[in-house]
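Take a look at the structure below.
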Amino acid sequence: MRGLWLRTPGRFALLLALIVSLSMVVAACDEDEGEQLKLGYLADFSGPLAEFGPVIQTGVDLAIKHINDAGGVNGQDVVLVTGDTQVDPTQGVEEARRLIDVEGVHGIVGPLSSTVTLAVAESVAGPAGVPVISPSATSPALSTASDDGYLFRSTTSDAAQGVILAQLAADEGISNVGVIFRDDAYGQGLSDAFIAAFGGTATAASYSAGGQASYLAELQQAAGGGGDVLVAIGFPDEALVFIRESIENDIFTRFLFVDGTKSQDLIDGIGADFLNGSKGTAPGSGPETPSAMAWAEAYEAEYGELPTLPFVREAYDATIALALAAESAGSTVGADIRDHLPRIGAPGGSAFSPGPDGIEAALEAVRDGDDINYEGAATSLDWNDVGDVTSGYIEIWQYEGGEITSLREVPFSLE
């Protein structure tokens, strides 16, 4: 009976028409949806920055939730895959290759450290044509990376933080310091920027980026100029050792800290009493702007309280930027996303803020072909031609009573 039904000319023509019609509908849906956007979060879940990776990911996860709740990109949910660099350039390059070649990501949020970011951008992402936005790599060396325009950052260059750190020292009446810094792009860059802006005497000593059992020789070298305050530029697990050694050996008992040494682990490991009153700098989010308040409200609604570690807002902004650029381009091709990234945060377009309502409105505007200016949770994403944000804020913070407290935000401009 089935064969007889199909052999009937009229019925066969009807079946053929139905098949063609269904194929057209499927094709139209595919064209409507486009390729699913896949993003990588390349961070540190082990190694010297293991404290930071999971916390910063909360910003990435929140951004993806807001994007997907608003309909996703190209009509589909954005998906996330992660990689662990262990703050090791070789490991970071291998993980970046896995994310790009095996997982097929179209953009990467991260890496966290400047040295790994440079290696990934120059060796893997740039040649592969995959845009990278680091939320935390602050070395000035990133501004001259050979990345074919695929490297951006949603945080500020240490060309700004170094100047504000020097001003903080002056404000505290400090005129002679020792500096201990991690011997990599991050530590060297921030140390150089600080010393260039510091009006007093600075005696610097570097230590191996691979970590050391003891830092006594470096601490004694940094103390050789007679300074009584140590500027601590490094990562938490390293600082835990050299701060303790410095105190125990009465080399330095007063400190200035930076973003890499802004750490609850230091409080827990050293003891709150030894750190009380010590101040530091870190990329900040500025005063309570509508964007900052919208993000804070959304973050607290999701997680209960705001993070004390830096770069969570920046990670949120990086994720949102990649999604908006892909939607604006109507494409998941890396070159298209790269070319549209400067457009979604440029002055002149309609302003949109973080949070579920703001992201939904921004995506709708992009789909309508409107020019938009996404005003980030952390800072403006008005990128220059080397992928740097040109203005923003540096936070002055303090260890106090076993907690990390924010004191004030200092504006800067690199234009």
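All residue names refer to the structure tokens as shown: chains lettered A, B, ... in order, residues numbered from 1 in each chain, ligands numbered from 1 in order.
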
Quick one: contact table of region 115-180 of chain A to region 71-87 of chain A, 10 Å max, nearest atom pair and distance in Å to one decimal per residue, counting only C-alpha atoms, chain and number order, as a tab-separated table?
```
residue	atom	partner	partner_atom	distance
A:Thr115	CA	A:Val87	CA	8.1
A:Val116	CA	A:Val87	CA	6.5
A:Thr117	CA	A:Val87	CA	9.6
```

Preceding selection exported with C-alpha atoms as a short mmCIF file (atom, residue, chain, number, x, y, z; two decimals), in the first residue's frame:
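In the end it all went to part.cif:
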```cif
data_model
loop_
_atom_site.label_atom_id
_atom_site.label_comp_id
_atom_site.auth_asym_id
_atom_site.auth_seq_id
_atom_site.Cartn_x
_atom_site.Cartn_y
_atom_site.Cartn_z
CA THR A 115 53.45 37.15 30.59
CA VAL A 116 51.01 34.40 29.65
CA THR A 117 48.80 36.87 27.78
#
```

Would you list the contacts of region 165-173 of chain A as an MDAnalysis selection string, taking every protein, DNA or RNA residue within 6 Å and counting only C-alpha atoms, but skipping same-chain residues closer than 4 positions in sequence?
chainID A and resid 161 194 197:198

In terms of the shortest atom-to-atom distance over only C-alpha atoms, which of A:Leu275, A:Ala325, A:Ile164, A:Ala318 is closest to Ile396 (chain A)?
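Selected residue with least distance to Ile396 (chain A): A:Ile164.
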
Would you list, as an mmCIF file with N, CA and C atoms, in the first residue's frame, the residues of region 269-360 of chain A that end up in strand (DSSP E) under DSSP run on this structure's backbone?
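Output below, filename states-v1.cif:
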```cif
data_model
loop_
_atom_site.group_PDB
_atom_site.id
_atom_site.type_symbol
_atom_site.label_atom_id
_atom_site.label_comp_id
_atom_site.auth_asym_id
_atom_site.auth_seq_id
_atom_site.Cartn_x
_atom_site.Cartn_y
_atom_site.Cartn_z
ATOM 1 N N LYS A 279 48.370 49.993 52.661
ATOM 2 C CA LYS A 279 47.548 50.403 51.528
ATOM 3 C C LYS A 279 48.126 49.890 50.221
ATOM 4 N N GLY A 280 47.318 49.947 49.196
ATOM 5 C CA GLY A 280 47.766 49.507 47.884
ATOM 6 C C GLY A 280 46.909 50.089 46.786
ATOM 7 N N THR A 281 47.257 49.741 45.562
ATOM 8 C CA THR A 281 46.524 50.192 44.382
ATOM 9 C C THR A 281 46.057 48.989 43.573
ATOM 10 N N ALA A 282 45.051 49.204 42.755
ATOM 11 C CA ALA A 282 44.549 48.188 41.829
ATOM 12 C C ALA A 282 43.642 48.889 40.827
ATOM 13 N N PRO A 283 43.507 48.344 39.616
ATOM 14 C CA PRO A 283 42.512 48.909 38.703
ATOM 15 C C PRO A 283 41.148 48.970 39.374
ATOM 16 N N GLY A 284 40.480 50.110 39.254
ATOM 17 C CA GLY A 284 39.202 50.311 39.931
ATOM 18 C C GLY A 284 38.064 50.522 38.950
ATOM 19 N N SER A 350 24.320 55.031 21.232
ATOM 20 C CA SER A 350 23.407 55.042 22.378
ATOM 21 C C SER A 350 24.049 54.286 23.533
ATOM 22 N N ALA A 351 23.962 54.827 24.743
ATOM 23 C CA ALA A 351 24.632 54.255 25.904
ATOM 24 C C ALA A 351 23.813 53.117 26.509
ATOM 25 N N PHE A 352 24.518 52.038 26.874
ATOM 26 C CA PHE A 352 23.885 50.897 27.537
ATOM 27 C C PHE A 352 24.759 50.455 28.705
#
```

Within 12 Å of Tyr303 (chain A), counting only C-alpha atoms, which residues qualify if same-chain residues fewer than 5 places away don't, as a list of chain:residue names?
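Here the answer would be A:Val55, A:Thr58, A:Gly59, A:Asp61, A:Leu62, A:Trp295, A:Ala296, A:Glu297, A:Ala298.
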
Just-selected residues, C-alpha atoms written as a CSV table (one decimal), in the first residue's frame:
```csv
chain,number,residue,atom,x,y,z
A,55,VAL,CA,36.5,34.3,41.6
A,58,THR,CA,32.0,34.6,38.4
A,59,GLY,CA,32.1,37.7,36.3
A,61,ASP,CA,29.4,33.4,34.2
A,62,LEU,CA,27.2,36.3,35.1
A,295,TRP,CA,26.5,45.7,37.8
A,296,ALA,CA,26.7,45.6,41.6
A,297,GLU,CA,23.0,45.1,41.9
A,298,ALA,CA,23.0,42.2,39.4
```

Atomic distance CA of Ile180 (chain A) - CA of Ala205 (chain A), expressed in Å with one decimal
5.0 Å

Counting only C-alpha atoms, which residues of region 279-376 of chain A fall within 8 Å of region 102-113 of chain A, and what is the closest atom pair for each with its distance in Å at one decimal, ordered by chain and rising number, as JSON lines?
```
{"residue": "A:Ala315", "atom": "CA", "partner": "A:Val109", "partner_atom": "CA", "distance": 6.9}
{"residue": "A:Ala318", "atom": "CA", "partner": "A:Val109", "partner_atom": "CA", "distance": 6.3}
{"residue": "A:Thr319", "atom": "CA", "partner": "A:Val109", "partner_atom": "CA", "distance": 6.5}
{"residue": "A:Leu322", "atom": "CA", "partner": "A:Gly107", "partner_atom": "CA", "distance": 6.8}
{"residue": "A:Thr332", "atom": "CA", "partner": "A:His106", "partner_atom": "CA", "distance": 6.1}
{"residue": "A:Val333", "atom": "CA", "partner": "A:His106", "partner_atom": "CA", "distance": 6.8}
{"residue": "A:Gly334", "atom": "CA", "partner": "A:His106", "partner_atom": "CA", "distance": 6.0}
```

So which bits of region 212-332 of chain A end up alpha helix (DSSP H) when you DSSP the backbone, as a PyMOL selection string?
chain A and resi 216-222+236-248+264-270+272-275+290-303+312-329

Contacts of Ala125 (chain A) at 9 Å (only C-alpha atoms; same-chain gap of 3+ positions) as a PDB file with C-alpha atoms, in the first residue's frame:
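Final output, selection.pdb:
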```
ATOM      1  CA  ALA A  96      45.069  28.225  24.138  1.00  0.00           C
ATOM      2  CA  ARG A  97      45.751  25.821  21.265  1.00  0.00           C
ATOM      3  CA  ILE A 100      41.046  27.114  19.629  1.00  0.00           C
ATOM      4  CA  GLY A 107      37.077  34.427  21.399  1.00  0.00           C
ATOM      5  CA  ILE A 108      38.989  34.198  24.674  1.00  0.00           C
ATOM      6  CA  VAL A 120      49.135  33.416  23.942  1.00  0.00           C
ATOM      7  CA  ALA A 121      48.425  36.514  21.835  1.00  0.00           C
ATOM      8  CA  GLU A 122      51.672  36.408  19.868  1.00  0.00           C
ATOM      9  CA  ALA A 128      44.840  31.843  14.491  1.00  0.00           C
ATOM     10  CA  GLY A 129      42.761  35.004  14.154  1.00  0.00           C
ATOM     11  CA  VAL A 130      40.973  34.644  17.510  1.00  0.00           C
ATOM     12  CA  PRO A 131      40.353  37.803  19.575  1.00  0.00           C
ATOM     13  CA  VAL A 132      41.611  37.831  23.150  1.00  0.00           C
ATOM     14  CA  ASP A 147      49.229  40.242  17.834  1.00  0.00           C
ATOM     15  CA  TYR A 150      43.615  40.541  18.110  1.00  0.00           C
ATOM     16  CA  LEU A 151      44.681  41.491  21.657  1.00  0.00           C
TER      17      LEU A 151
END
```

What's the separation between CA of Ser154 (chain A) and CA of Ser285 (chain A), in Å to one decimal place?
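CA of Ser285 (chain A) lies at a distance of 11.1 Å from CA of Ser154 (chain A).
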